[in-house]
file model_26.txt (compact mmCIF, C-alpha atoms)
# COMPACT_ATOMS: atom_id res chain seq x y z
CA MET A 1 0.00 0.00 0.00
CA SER A 2 1.27 3.45 -0.86
CA THR A 3 2.36 5.84 1.83
CA GLU A 4 0.32 8.99 2.50
CA ARG A 5 3.12 11.07 1.00
CA GLU A 6 3.07 9.03 -2.18
CA ASN A 7 -0.72 9.35 -2.34
CA GLU A 8 -0.37 13.11 -2.11
CA LEU A 9 2.15 13.12 -4.94
CA ILE A 10 -0.01 10.93 -7.18
CA ARG A 11 -3.00 13.16 -6.43
CA ALA A 12 -0.92 16.16 -7.48
CA MET A 13 0.17 14.35 -10.66
CA ALA A 14 -3.44 13.57 -11.56
CA ALA A 15 -4.48 17.17 -10.97
CA LEU A 16 -1.57 18.45 -13.06
CA LEU A 17 -2.32 16.22 -16.02
CA ALA A 18 -6.09 16.63 -15.81
CA GLY A 19 -5.77 20.40 -15.57
CA ASP A 20 -3.71 20.73 -18.74
CA PRO A 21 -3.47 17.41 -20.60
CA GLY A 22 -2.41 19.14 -23.78
CA ALA A 23 0.74 20.54 -22.24
CA SER A 24 2.80 17.52 -23.30
CA ALA A 25 0.60 16.36 -26.15
CA PRO A 26 -0.26 17.55 -29.66
CA GLU A 27 -2.58 20.53 -29.66
CA GLY A 28 -6.26 19.70 -29.69
CA GLU A 29 -5.99 16.16 -28.32
CA GLY A 30 -7.95 15.17 -25.25
CA VAL A 31 -7.50 12.33 -22.79
CA TYR A 32 -8.96 9.03 -23.99
CA ALA A 33 -8.15 7.19 -20.77
CA TRP A 34 -5.80 7.12 -17.75
CA ARG A 35 -3.39 4.53 -16.40
CA LEU A 36 -1.17 4.04 -13.41
CA LEU A 37 2.15 2.26 -13.98
CA ARG A 38 4.76 1.11 -11.50
CA TRP A 39 8.47 0.43 -11.95
CA GLU A 40 10.24 -1.40 -9.10
CA ALA A 41 14.03 -1.37 -8.96
CA ASP A 42 15.86 -4.63 -8.32
CA VAL A 43 18.31 -2.91 -5.95
CA PRO A 44 18.25 0.45 -4.11
CA LEU A 45 18.70 3.54 -6.28
CA THR A 46 20.99 6.48 -5.78
CA ASP A 47 19.61 10.02 -5.72
CA ASP A 48 21.09 10.68 -9.17
CA GLN A 49 19.45 7.57 -10.62
CA ARG A 50 16.07 8.55 -9.22
CA GLU A 51 16.42 12.02 -10.71
CA GLN A 52 17.42 10.68 -14.11
CA LEU A 53 14.58 8.17 -14.14
CA LEU A 54 12.04 10.87 -13.37
CA GLU A 55 13.51 13.02 -16.13
CA GLY A 56 13.25 10.13 -18.60
CA VAL A 57 9.58 9.39 -18.03
CA GLU A 58 8.16 12.15 -20.21
CA ALA A 59 10.28 11.22 -23.25
CA THR A 60 9.77 7.46 -23.00
CA MET A 61 5.99 7.84 -22.56
CA ALA A 62 5.49 10.55 -25.19
CA ALA A 63 4.16 8.18 -27.85
CA ALA A 64 1.27 7.25 -25.53
CA GLY A 65 0.51 10.67 -24.03
CA ALA A 66 1.42 12.96 -21.15
CA ALA A 67 3.05 11.51 -18.03
CA ALA A 68 4.15 12.51 -14.55
CA ALA A 69 5.96 10.36 -11.99
CA CYS A 70 7.03 10.17 -8.37
CA PHE A 71 8.98 7.82 -6.12
CA ALA A 72 7.66 6.07 -3.04
CA ALA A 73 9.13 6.83 0.36
CA ASP A 74 11.66 3.97 0.13
CA GLY A 75 13.05 5.42 -3.10
CA ASP A 76 12.94 2.17 -5.10
CA VAL A 77 9.41 2.24 -6.52
CA MET A 78 8.38 4.77 -9.16
CA THR A 79 4.70 5.36 -9.87
CA ILE A 80 3.68 6.91 -13.19
CA MET A 81 0.40 8.67 -13.91
CA LEU A 82 -0.28 8.50 -17.64
CA ALA A 83 -2.86 10.53 -19.54
CA LEU A 84 -3.46 8.60 -22.77
CA THR A 85 -3.89 11.36 -25.36
CA ARG A 86 -2.97 9.37 -28.47
CA PHE A 87 -4.88 6.71 -30.42
CA PRO A 88 -8.66 6.50 -29.79
CA ALA A 89 -8.73 2.69 -30.09
CA LYS A 90 -7.68 0.82 -26.95
CA VAL A 91 -6.00 -2.00 -28.90
CA HIS A 92 -3.69 0.60 -30.46
CA ARG A 93 -3.02 2.23 -27.08
CA ASP A 94 -2.09 -1.14 -25.58
CA THR A 95 0.60 -1.79 -28.20
CA VAL A 96 1.95 1.75 -27.88
CA LEU A 97 2.05 1.34 -24.09
CA TRP A 98 4.06 -1.89 -24.53
CA LEU A 99 6.57 0.07 -26.61
CA CYS A 100 6.71 2.96 -24.11
CA THR A 101 7.21 0.77 -21.05
CA ARG A 102 9.89 -1.27 -22.81
CA SER A 103 11.59 1.99 -23.72
CA LEU A 104 11.57 3.10 -20.08
CA MET A 105 12.96 -0.25 -18.94
CA GLU A 106 15.69 -0.08 -21.59
CA HIS A 107 16.54 3.48 -20.52
CA ALA A 108 16.91 2.38 -16.90
CA SER A 109 18.89 -0.75 -17.74
CA ILE A 110 21.31 0.64 -20.33
CA ASN A 111 21.74 4.29 -19.38
CA LEU A 112 21.43 4.01 -15.59
CA GLU A 113 22.57 0.40 -15.10
CA GLN A 114 19.46 -0.32 -13.09
CA ASP A 115 17.12 -3.20 -13.82
CA GLY A 116 13.59 -3.37 -12.57
CA THR A 117 10.14 -4.82 -13.08
CA MET A 118 7.34 -2.94 -14.83
CA PHE A 119 3.74 -3.27 -13.70
CA ILE A 120 0.72 -2.06 -15.68
CA GLY A 121 -2.62 -0.99 -14.23
CA GLU A 122 -5.99 -1.02 -15.96
CA GLU A 123 -7.31 1.94 -17.90
CA PHE A 124 -9.80 4.23 -16.15
CA SER A 125 -11.84 7.15 -17.39
CA ALA A 126 -11.56 9.85 -14.70
CA ALA A 127 -8.30 11.20 -13.26
CA GLU A 128 -9.81 11.63 -9.82
CA ASP A 129 -10.52 7.88 -9.72
CA TRP A 130 -6.79 7.04 -9.52
CA LEU A 131 -6.96 5.75 -5.92
CA ASN A 132 -9.06 2.75 -7.00
CA HIS A 133 -6.42 1.73 -9.53
CA LEU A 134 -3.26 1.56 -7.44
CA ALA A 135 -3.88 -2.20 -7.30
CA PRO A 136 -3.97 -4.67 -8.80
CA MET A 137 -1.28 -4.18 -11.44
CA ARG A 138 0.16 -6.89 -13.66
CA GLU A 139 3.77 -7.51 -14.60
CA ILE A 140 4.30 -6.35 -18.19
CA SER A 141 4.66 -9.81 -19.78
CA ASP A 142 1.59 -11.15 -18.00
CA TRP A 143 -0.33 -8.00 -18.90
CA TRP A 144 0.59 -8.20 -22.59
CA ASN A 145 -0.35 -11.88 -22.81
CA ARG A 146 -3.81 -10.89 -21.58
CA VAL A 147 -4.37 -7.89 -23.87
CA SER A 148 -2.54 -8.97 -27.04
CA PRO A 149 -4.90 -9.03 -30.02
CA ILE A 150 -3.21 -12.24 -31.23
CA ASP A 151 -4.20 -15.43 -29.40
CA GLY A 152 -1.40 -16.99 -27.33
CA SER A 153 -1.00 -20.25 -29.27
CA ILE A 154 -1.16 -18.44 -32.61
CA ALA A 155 1.33 -15.81 -31.41
CA HIS A 156 3.70 -18.59 -30.31
CA ALA A 157 3.55 -20.21 -33.76
CA HIS A 158 4.18 -16.87 -35.50
CA ARG A 159 7.08 -16.04 -33.16
CA SER A 160 8.71 -19.45 -33.70
CA HIS A 161 8.54 -19.07 -37.47
CA LEU A 162 9.95 -15.54 -37.36
CA GLN A 163 12.74 -16.62 -35.01
CA MET A 164 13.75 -19.43 -37.35
CA SER A 165 13.86 -17.08 -40.35
CA ILE A 166 15.95 -14.56 -38.40
CA LYS A 167 18.27 -17.28 -37.11
CA ARG A 168 18.85 -18.40 -40.70
CA ARG A 169 19.37 -14.74 -41.69
CA GLN A 170 16.49 -14.96 -44.15
CA TYR A 171 15.32 -11.44 -43.42
CA ALA A 172 13.67 -10.87 -46.78
CA VAL A 173 11.04 -13.53 -46.07
CA LEU A 174 9.71 -11.85 -42.92
CA GLY A 175 7.37 -9.55 -44.82
CA GLY A 176 6.09 -12.37 -47.00
CA TYR A 177 5.31 -14.55 -44.00
CA VAL A 178 3.43 -11.79 -42.18
CA SER A 179 1.57 -10.83 -45.38
CA ARG A 180 0.33 -14.40 -45.77
CA ALA A 181 -0.63 -14.57 -42.10
CA LEU A 182 -2.80 -11.47 -42.52
CA ARG A 183 -4.80 -12.78 -45.51
CA THR A 184 -7.44 -14.47 -43.38
CA GLU A 185 -7.68 -11.75 -40.73
CA THR A 186 -10.89 -9.76 -40.62
CA GLU A 187 -9.63 -7.17 -38.09
CA LEU A 188 -6.44 -6.08 -39.78
CA SER A 189 -5.78 -3.03 -37.62
CA ARG A 190 -5.93 -5.01 -34.36
CA VAL A 191 -3.73 -7.85 -35.56
CA CYS A 192 -1.18 -5.62 -37.30
CA PHE A 193 -0.59 -3.70 -34.08
CA GLY A 194 -0.29 -7.02 -32.25
CA PHE A 195 2.48 -8.10 -34.60
CA ILE A 196 4.76 -5.25 -33.46
CA PRO A 197 5.76 -6.68 -30.04
CA LEU A 198 5.79 -10.17 -31.53
CA VAL A 199 8.34 -9.21 -34.21
CA ILE A 200 10.51 -7.26 -31.75
CA GLU A 201 10.62 -10.20 -29.32
CA ALA A 202 11.54 -12.55 -32.18
CA VAL A 203 14.39 -10.24 -33.21
CA TRP A 204 15.67 -9.90 -29.63
CA SER A 205 15.78 -13.69 -29.26
CA GLN A 206 18.41 -13.77 -32.02
CA HIS A 207 19.97 -10.29 -31.96
CA ALA A 208 20.11 -9.18 -28.35
CA GLU A 209 22.37 -6.26 -29.23
CA LEU A 210 19.66 -4.24 -30.97
CA SER A 211 18.01 -1.45 -29.00
CA LEU A 212 14.30 -0.74 -29.17
CA ARG A 213 15.04 2.62 -30.79
CA SER A 214 17.02 1.00 -33.60
CA LEU A 215 14.15 -1.40 -34.28
CA THR A 216 11.34 1.17 -34.22
CA GLY A 217 13.03 4.11 -35.94
CA GLU A 218 11.03 3.54 -39.14
CA LEU A 219 7.80 2.44 -37.42
CA ASN A 220 5.00 4.88 -38.28
CA LEU A 221 2.24 4.23 -35.75
CA ASN A 222 -0.04 6.96 -37.07
CA GLU A 223 0.15 5.50 -40.57
CA MET A 224 -0.63 2.07 -39.16
CA THR A 225 -3.99 3.32 -37.89
CA ARG A 226 -4.89 4.33 -41.47
CA ARG A 227 -3.18 1.66 -43.58
CA PRO A 228 -2.24 -1.09 -41.09
CA ARG A 229 -1.10 -3.82 -43.48
CA GLU A 230 0.93 -1.55 -45.74
CA ALA A 231 2.56 0.31 -42.84
CA LEU A 232 3.46 -2.95 -41.05
CA LEU A 233 5.07 -4.42 -44.16
CA THR A 234 6.95 -1.17 -44.80
CA TRP A 235 8.35 -1.35 -41.27
CA LEU A 236 9.37 -5.00 -41.72
CA ALA A 237 11.20 -4.08 -44.92
CA SER A 238 13.05 -1.30 -43.05
CA LEU A 239 14.36 -3.87 -40.56
CA GLN A 240 16.29 -5.82 -43.20
CA PRO A 241 19.39 -3.57 -43.36
CA VAL A 242 19.40 -3.26 -39.57
CA LEU A 243 19.38 -7.03 -39.16
CA ARG A 244 21.96 -7.64 -41.89
CA ALA A 245 24.41 -5.40 -40.03
CA CYS A 246 24.23 -7.69 -36.97
CA PRO A 247 26.77 -10.44 -36.17
CA ALA A 248 25.87 -13.86 -37.52
CA ALA A 249 25.68 -15.47 -34.08
CA LEU A 250 25.80 -14.60 -30.41
CA ASN A 251 29.00 -15.33 -28.54
CA ALA A 252 28.44 -16.06 -24.86
CA ALA A 253 32.14 -16.59 -24.02
CA PRO A 254 32.73 -12.97 -22.88
CA ILE A 255 29.76 -13.25 -20.50
CA ASP A 256 31.22 -16.45 -19.03
CA ARG A 257 34.40 -14.54 -18.23
CA VAL A 258 32.45 -11.74 -16.56
CA ILE A 259 30.48 -14.21 -14.43
CA GLU A 260 33.62 -16.01 -13.31
CA SER A 261 35.36 -12.73 -12.48
CA ILE A 262 32.47 -11.52 -10.33
CA ARG A 263 32.30 -14.81 -8.47
CA GLN A 264 36.03 -14.77 -7.77
CA ASP A 265 36.16 -11.18 -6.52
CA CYS A 266 32.95 -9.17 -6.19
CA SER A 267 34.75 -6.28 -4.46
CA LEU A 268 35.87 -4.77 -7.76
CA PRO A 269 33.95 -1.73 -9.10
CA TYR A 270 32.04 -3.59 -11.79
CA SER A 271 30.03 -1.45 -14.17
CA GLN A 272 27.73 -2.59 -16.94
CA ALA A 273 28.90 0.29 -19.13
CA ASN A 274 32.61 -0.37 -18.55
CA LEU A 275 32.29 -4.13 -19.01
CA SER A 276 30.35 -3.83 -22.26
CA ARG A 277 32.89 -1.29 -23.56
CA SER A 278 35.85 -3.48 -22.62
CA LEU A 279 34.29 -6.48 -24.36
CA GLY A 280 33.51 -4.50 -27.49
CA LEU A 281 29.75 -4.96 -27.03
CA THR A 282 26.98 -2.41 -27.08
CA PRO A 283 25.25 -1.89 -23.70
CA ALA A 284 21.99 -3.31 -25.09
CA TYR A 285 23.80 -6.39 -26.42
CA PHE A 286 25.60 -6.93 -23.10
CA CYS A 287 22.34 -6.59 -21.12
CA ARG A 288 20.34 -9.06 -23.15
CA LEU A 289 23.22 -11.51 -23.65
CA PHE A 290 23.87 -11.55 -19.89
CA HIS A 291 20.20 -12.19 -19.17
CA GLU A 292 20.07 -14.95 -21.76
CA LYS A 293 23.10 -16.64 -20.19
CA THR A 294 22.16 -16.33 -16.50
CA GLY A 295 18.41 -15.76 -16.44
CA GLN A 296 19.13 -12.62 -14.40
CA HIS A 297 19.84 -8.99 -15.18
CA PHE A 298 23.45 -7.92 -14.62
CA SER A 299 22.72 -5.68 -11.62
CA THR A 300 20.59 -8.42 -10.03
CA PHE A 301 23.34 -11.03 -10.46
CA LEU A 302 26.01 -8.69 -9.11
CA THR A 303 23.94 -7.71 -6.08
CA ARG A 304 23.01 -11.32 -5.34
CA THR A 305 26.67 -12.40 -5.49
CA ARG A 306 27.72 -9.55 -3.21
CA MET A 307 24.93 -10.19 -0.72
CA GLU A 308 25.77 -13.89 -0.54
CA LYS A 309 29.37 -12.98 0.27
CA ALA A 310 28.19 -10.42 2.85
CA GLN A 311 26.07 -13.03 4.59
CA TYR A 312 29.02 -15.44 4.65
CA LEU A 313 31.35 -12.82 6.14
CA LEU A 314 28.79 -11.69 8.74
CA SER A 315 28.16 -15.25 9.89
CA ASP A 316 31.83 -16.24 9.82
CA SER A 317 33.76 -16.39 13.07
CA GLN A 318 36.57 -14.13 11.83
CA SER A 319 36.43 -10.61 13.18
CA MET A 320 35.84 -8.00 10.47
CA SER A 321 34.38 -4.56 10.92
CA LEU A 322 31.25 -3.58 9.03
CA ALA A 323 33.30 -1.16 6.93
CA GLU A 324 35.72 -3.96 5.98
CA ILE A 325 32.85 -6.30 5.04
CA SER A 326 31.20 -3.55 3.04
CA ALA A 327 34.40 -2.88 1.07
CA ALA A 328 35.05 -6.60 0.55
CA CYS A 329 31.62 -6.88 -1.06
CA GLY A 330 32.14 -3.96 -3.42
CA TYR A 331 30.45 -1.17 -1.44
CA PRO A 332 32.86 1.63 -0.45
CA ASN A 333 29.88 3.45 1.10
CA LYS A 334 28.95 1.59 4.29
CA SER A 335 25.50 3.18 4.66
CA TYR A 336 24.57 2.23 1.09
CA PHE A 337 25.75 -1.32 1.78
CA CYS A 338 23.43 -1.47 4.80
CA GLN A 339 20.54 -0.18 2.69
CA VAL A 340 21.07 -2.85 0.02
CA PHE A 341 21.55 -5.58 2.63
CA LYS A 342 18.31 -4.66 4.41
CA LYS A 343 16.36 -4.73 1.16
CA TYR A 344 17.88 -8.06 0.13
CA THR A 345 17.59 -9.96 3.45
CA GLY A 346 14.94 -8.05 5.39
CA MET A 347 17.45 -7.50 8.20
CA THR A 348 20.20 -5.03 8.98
CA PRO A 349 23.76 -6.43 8.96
CA GLY A 350 23.78 -6.23 12.76
CA GLU A 351 20.51 -8.15 13.06
CA PHE A 352 21.73 -10.79 10.61
CA GLU A 353 25.03 -11.20 12.48
CA ALA A 354 23.22 -11.57 15.83
CA ALA A 355 20.80 -14.12 14.35
CA SER A 356 23.71 -16.11 12.90
CA ARG A 357 25.40 -16.27 16.32
CA ASP A 358 22.19 -17.48 17.96
CA ILE A 359 21.95 -20.29 15.42
CA ASP A 360 25.58 -21.28 16.02
CA VAL A 361 24.95 -21.47 19.77
call {"tool": "encode", "arguments": {"input": "model_26.txt", "output": "structure tokens"}}
result
Amino acid sequence: MSTERENELIRAMAALLAGDPGASAPEGEGVYAWRLLRWEADVPLTDDQREQLLEGVEATMAAAGAAAACFAADGDVMTIMLALTRFPAKVHRDTVLWLCTRSLMEHASINLEQDGTMFIGEEFSAAEDWLNHLAPMREISDWWNRVSPIDGSIAHAHRSHLQMSIKRRQYAVLGGYVSRALRTETELSRVCFGFIPLVIEAVWSQHAELSLRSLTGELNLNEMTRRPREALLTWLASLQPVLRACPAALNAAPIDRVIESIRQDCSLPYSQANLSRSLGLTPAYFCRLFHEKTGQHFSTFLTRTRMEKAQYLLSDSQSMSLAEISAACGYPNKSYFCQVFKKYTGMTPGEFEAASRDIDV
């Protein structure tokens, strides 16, 4: 449940957007609906990261409408109030929202080296009704599976076919396959919009290095509302040179070396940006390749490794000060180490150490 302070901030956000929804939207557009979104960081954020995330919300949500955001009292949960001022049809808004939320997640992961989970609330019609929509929210993948205009089993078959064509580097056949798939569809606009996330996910499964921006640079969403089939096929054709410029295959060996290095000595100042640069990989490529290899985001894996070492050192009989343990786990700032440890274990380092001694006795 949100704190009273957070409620006040969300109320202010709703009033701001409702009072002048056109401020961040094209002139003359009204609000078709409202949504509340939530982004939860995997590990505690710094003040600079919070500030940069708040600054990035407006740009990453612009395709959907006007947005304002605030952080909860603990500083790790960002709530977004979104006035949906674009696209009258909900099925179109849902796809655009998928793109916007993925853009925000990519911004946090690549530019700020912070991974998190995105949750989507239901649409509602009146800004003042926001309090009834703080919960429940669904994790983005679960939400999209529920609202996608393409049935789950059919989407799976399409994705598998697209993945195989991309894996074989047969990029020219993508448009032909989608064109044939659309022949029997009676609601072209709905299905064409549904193909956008499906194609992007298929590409990412084979070319993790590509950013969302590089994949959607030639995607004309407004044109898709008027000429859905033609606009979708034009976008697919624009992807061919982007895909041809990619490496033929993913190489996980550099990620193996990073994993082994972290496990051997997690006290070093590891940075997603520095590691990707040293390996000659783009940040987006490094992020997705690391997740594919470990099933975890880089920051989550690093924090987990450091916290496991911290727990070992705190429960060990050797005498080390909290500052020494903090430094040994890669946290020069002792107070930040305590903050991360409390979030990860639910206990302060002192409480954990005392509990470990009780168990030993």
call {"tool": "residues_around", "arguments": {"input": "model_26.txt", "residues": "Ser103 in chain A", "least_positions_apart": "3", "cutoff": "12 Å", "atoms": "only C-alpha atoms", "output": "ChimeraX atom specification"}}
result
/A:53,56-64,96-100,106-111,118,211-216,284
call {"tool": "closest_residue", "arguments": {"input": "model_26.txt", "among": "A:Ile262, A:Ala355, A:Val191, A:Val199", "to": "Leu239 in chain A", "atoms": "all atoms listed in the file"}}
result
A:Val199
call {"tool": "atom_distance", "arguments": {"input": "model_26.txt", "atom1": "CA of Thr345 in chain A", "atom2": "CA of Gly75 in chain A"}}
result
17.3 Å
call {"tool": "closest_residue", "arguments": {"input": "model_26.txt", "among": "A:Val258, A:Leu314, A:Ala83, A:Met105", "to": "Val31 in chain A", "atoms": "all atoms listed in the file"}}
result
A:Ala83
call {"tool": "atom_distance", "arguments": {"input": "model_26.txt", "atom1": "CA of Asp115 in chain A", "atom2": "CA of Phe298 in chain A"}}
result
7.9 Å
call {"tool": "residues_around", "arguments": {"input": "model_26.txt", "residues": "range 139-153 of chain A", "least_positions_apart": "5", "cutoff": "10 Å", "atoms": "only C-alpha atoms", "output": "NGL selection string"}}
result
:A and (37-39 or 90-92 or 94-95 or 97-98 or 101-102 or 117-122 or 158-159 or 187 or 189-195 or 197-198)
call {"tool": "write_last_selection", "arguments": {"input": "model_26.txt", "atoms": "C-alpha atoms", "output": "short mmCIF file (atom, residue, chain, number, x, y, z; two decimals), keeping the file's coordinate frame"}}
result
data_model
loop_
_atom_site.label_atom_id
_atom_site.label_comp_id
_atom_site.auth_asym_id
_atom_site.auth_seq_id
_atom_site.Cartn_x
_atom_site.Cartn_y
_atom_site.Cartn_z
CA LEU A 37 2.15 2.26 -13.98
CA ARG A 38 4.76 1.11 -11.50
CA TRP A 39 8.47 0.43 -11.95
CA LYS A 90 -7.68 0.82 -26.95
CA VAL A 91 -6.00 -2.00 -28.90
CA HIS A 92 -3.69 0.60 -30.46
CA ASP A 94 -2.09 -1.14 -25.58
CA THR A 95 0.60 -1.79 -28.20
CA LEU A 97 2.05 1.34 -24.09
CA TRP A 98 4.06 -1.89 -24.53
CA THR A 101 7.21 0.77 -21.05
CA ARG A 102 9.89 -1.27 -22.81
CA THR A 117 10.14 -4.82 -13.08
CA MET A 118 7.34 -2.94 -14.83
CA PHE A 119 3.74 -3.27 -13.70
CA ILE A 120 0.72 -2.06 -15.68
CA GLY A 121 -2.62 -0.99 -14.23
CA GLU A 122 -5.99 -1.02 -15.96
CA HIS A 158 4.18 -16.87 -35.50
CA ARG A 159 7.08 -16.04 -33.16
CA GLU A 187 -9.63 -7.17 -38.09
CA SER A 189 -5.78 -3.03 -37.62
CA ARG A 190 -5.93 -5.01 -34.36
CA VAL A 191 -3.73 -7.85 -35.56
CA CYS A 192 -1.18 -5.62 -37.30
CA PHE A 193 -0.59 -3.70 -34.08
CA GLY A 194 -0.29 -7.02 -32.25
CA PHE A 195 2.48 -8.10 -34.60
CA PRO A 197 5.76 -6.68 -30.04
CA LEU A 198 5.79 -10.17 -31.53
#
call {"tool": "closest_residue", "arguments": {"input": "model_26.txt", "among": "A:Ala323, A:Leu188, A:Leu233, A:Val203", "to": "Cys338 in chain A", "atoms": "only C-alpha atoms"}}
result
A:Ala323
call {"tool": "residues_around", "arguments": {"input": "model_26.txt", "residues": "range 263-268 of chain A", "least_positions_apart": "3", "cutoff": "9 Å", "atoms": "only C-alpha atoms", "output": "list of chain:residue names"}}
result
A:Val258, A:Ile259, A:Glu260, A:Leu302, A:Thr305, A:Arg306, A:Lys309, A:Ser326, A:Ala327, A:Ala328, A:Cys329, A:Gly330, A:Tyr331
call {"tool": "residues_around", "arguments": {"input": "model_26.txt", "residues": "Pro349 in chain A", "least_positions_apart": "4", "cutoff": "12 Å", "atoms": "only C-alpha atoms", "output": "PyMOL selection string"}}
result
chain A and resi 307+310-315+321-323+325-326+334-345+353-356
call {"tool": "write_last_selection", "arguments": {"input": "model_26.txt", "atoms": "C-alpha atoms", "output": "compact mmCIF listing (two decimals), in the frame of the given file"}}
result
# COMPACT_ATOMS: atom_id res chain seq x y z
CA MET A 307 24.93 -10.19 -0.72
CA ALA A 310 28.19 -10.42 2.85
CA GLN A 311 26.07 -13.03 4.59
CA TYR A 312 29.02 -15.44 4.65
CA LEU A 313 31.35 -12.82 6.14
CA LEU A 314 28.79 -11.69 8.74
CA SER A 315 28.16 -15.25 9.89
CA SER A 321 34.38 -4.56 10.92
CA LEU A 322 31.25 -3.58 9.03
CA ALA A 323 33.30 -1.16 6.93
CA ILE A 325 32.85 -6.30 5.04
CA SER A 326 31.20 -3.55 3.04
CA LYS A 334 28.95 1.59 4.29
CA SER A 335 25.50 3.18 4.66
CA TYR A 336 24.57 2.23 1.09
CA PHE A 337 25.75 -1.32 1.78
CA CYS A 338 23.43 -1.47 4.80
CA GLN A 339 20.54 -0.18 2.69
CA VAL A 340 21.07 -2.85 0.02
CA PHE A 341 21.55 -5.58 2.63
CA LYS A 342 18.31 -4.66 4.41
CA LYS A 343 16.36 -4.73 1.16
CA TYR A 344 17.88 -8.06 0.13
CA THR A 345 17.59 -9.96 3.45
CA GLU A 353 25.03 -11.20 12.48
CA ALA A 354 23.22 -11.57 15.83
CA ALA A 355 20.80 -14.12 14.35
CA SER A 356 23.71 -16.11 12.90
call {"tool": "decode", "arguments": {"input": "model_26.txt", "residues": "range 78-90 of chain A", "atoms": "N, CA, C and O atoms", "output": "short mmCIF file (atom, residue, chain, number, x, y, z; two decimals), in the first residue's frame"}}
result
data_model
loop_
_atom_site.label_atom_id
_atom_site.label_comp_id
_atom_site.auth_asym_id
_atom_site.auth_seq_id
_atom_site.Cartn_x
_atom_site.Cartn_y
_atom_site.Cartn_z
N MET A 78 8.84 3.58 -8.45
CA MET A 78 8.38 4.77 -9.16
C MET A 78 6.98 4.53 -9.70
O MET A 78 6.73 3.55 -10.39
N THR A 79 6.07 5.43 -9.37
CA THR A 79 4.70 5.36 -9.87
C THR A 79 4.53 6.42 -10.96
O THR A 79 4.97 7.55 -10.80
N ILE A 80 3.89 6.02 -12.05
CA ILE A 80 3.68 6.91 -13.19
C ILE A 80 2.19 7.10 -13.42
O ILE A 80 1.43 6.12 -13.48
N MET A 81 1.77 8.33 -13.54
CA MET A 81 0.40 8.67 -13.91
C MET A 81 0.42 9.04 -15.39
O MET A 81 1.15 9.96 -15.79
N LEU A 82 -0.34 8.32 -16.20
CA LEU A 82 -0.28 8.50 -17.64
C LEU A 82 -1.64 8.91 -18.19
O LEU A 82 -2.64 8.21 -18.00
N ALA A 83 -1.67 10.07 -18.84
CA ALA A 83 -2.86 10.53 -19.54
C ALA A 83 -2.73 10.10 -21.00
O ALA A 83 -1.87 10.59 -21.73
N LEU A 84 -3.55 9.17 -21.44
CA LEU A 84 -3.46 8.60 -22.77
C LEU A 84 -4.15 9.54 -23.76
O LEU A 84 -5.37 9.54 -23.89
N THR A 85 -3.37 10.34 -24.44
CA THR A 85 -3.89 11.36 -25.36
C THR A 85 -3.74 10.98 -26.81
O THR A 85 -4.10 11.76 -27.69
N ARG A 86 -3.19 9.81 -27.09
CA ARG A 86 -2.97 9.37 -28.47
C ARG A 86 -3.80 8.12 -28.74
O ARG A 86 -4.03 7.32 -27.85
N PHE A 87 -4.25 7.93 -29.96
CA PHE A 87 -4.88 6.71 -30.42
C PHE A 87 -6.22 6.43 -29.72
O PHE A 87 -6.25 5.90 -28.61
N PRO A 88 -7.33 6.73 -30.37
CA PRO A 88 -8.66 6.50 -29.79
C PRO A 88 -8.96 5.04 -29.49
O PRO A 88 -9.66 4.74 -28.52
N ALA A 89 -8.43 4.11 -30.29
CA ALA A 89 -8.73 2.69 -30.09
C ALA A 89 -7.83 2.10 -29.01
O ALA A 89 -6.62 2.25 -29.04
N LYS A 90 -8.44 1.39 -28.06
CA LYS A 90 -7.68 0.82 -26.95
C LYS A 90 -6.64 -0.19 -27.43
O LYS A 90 -5.53 -0.25 -26.88
#
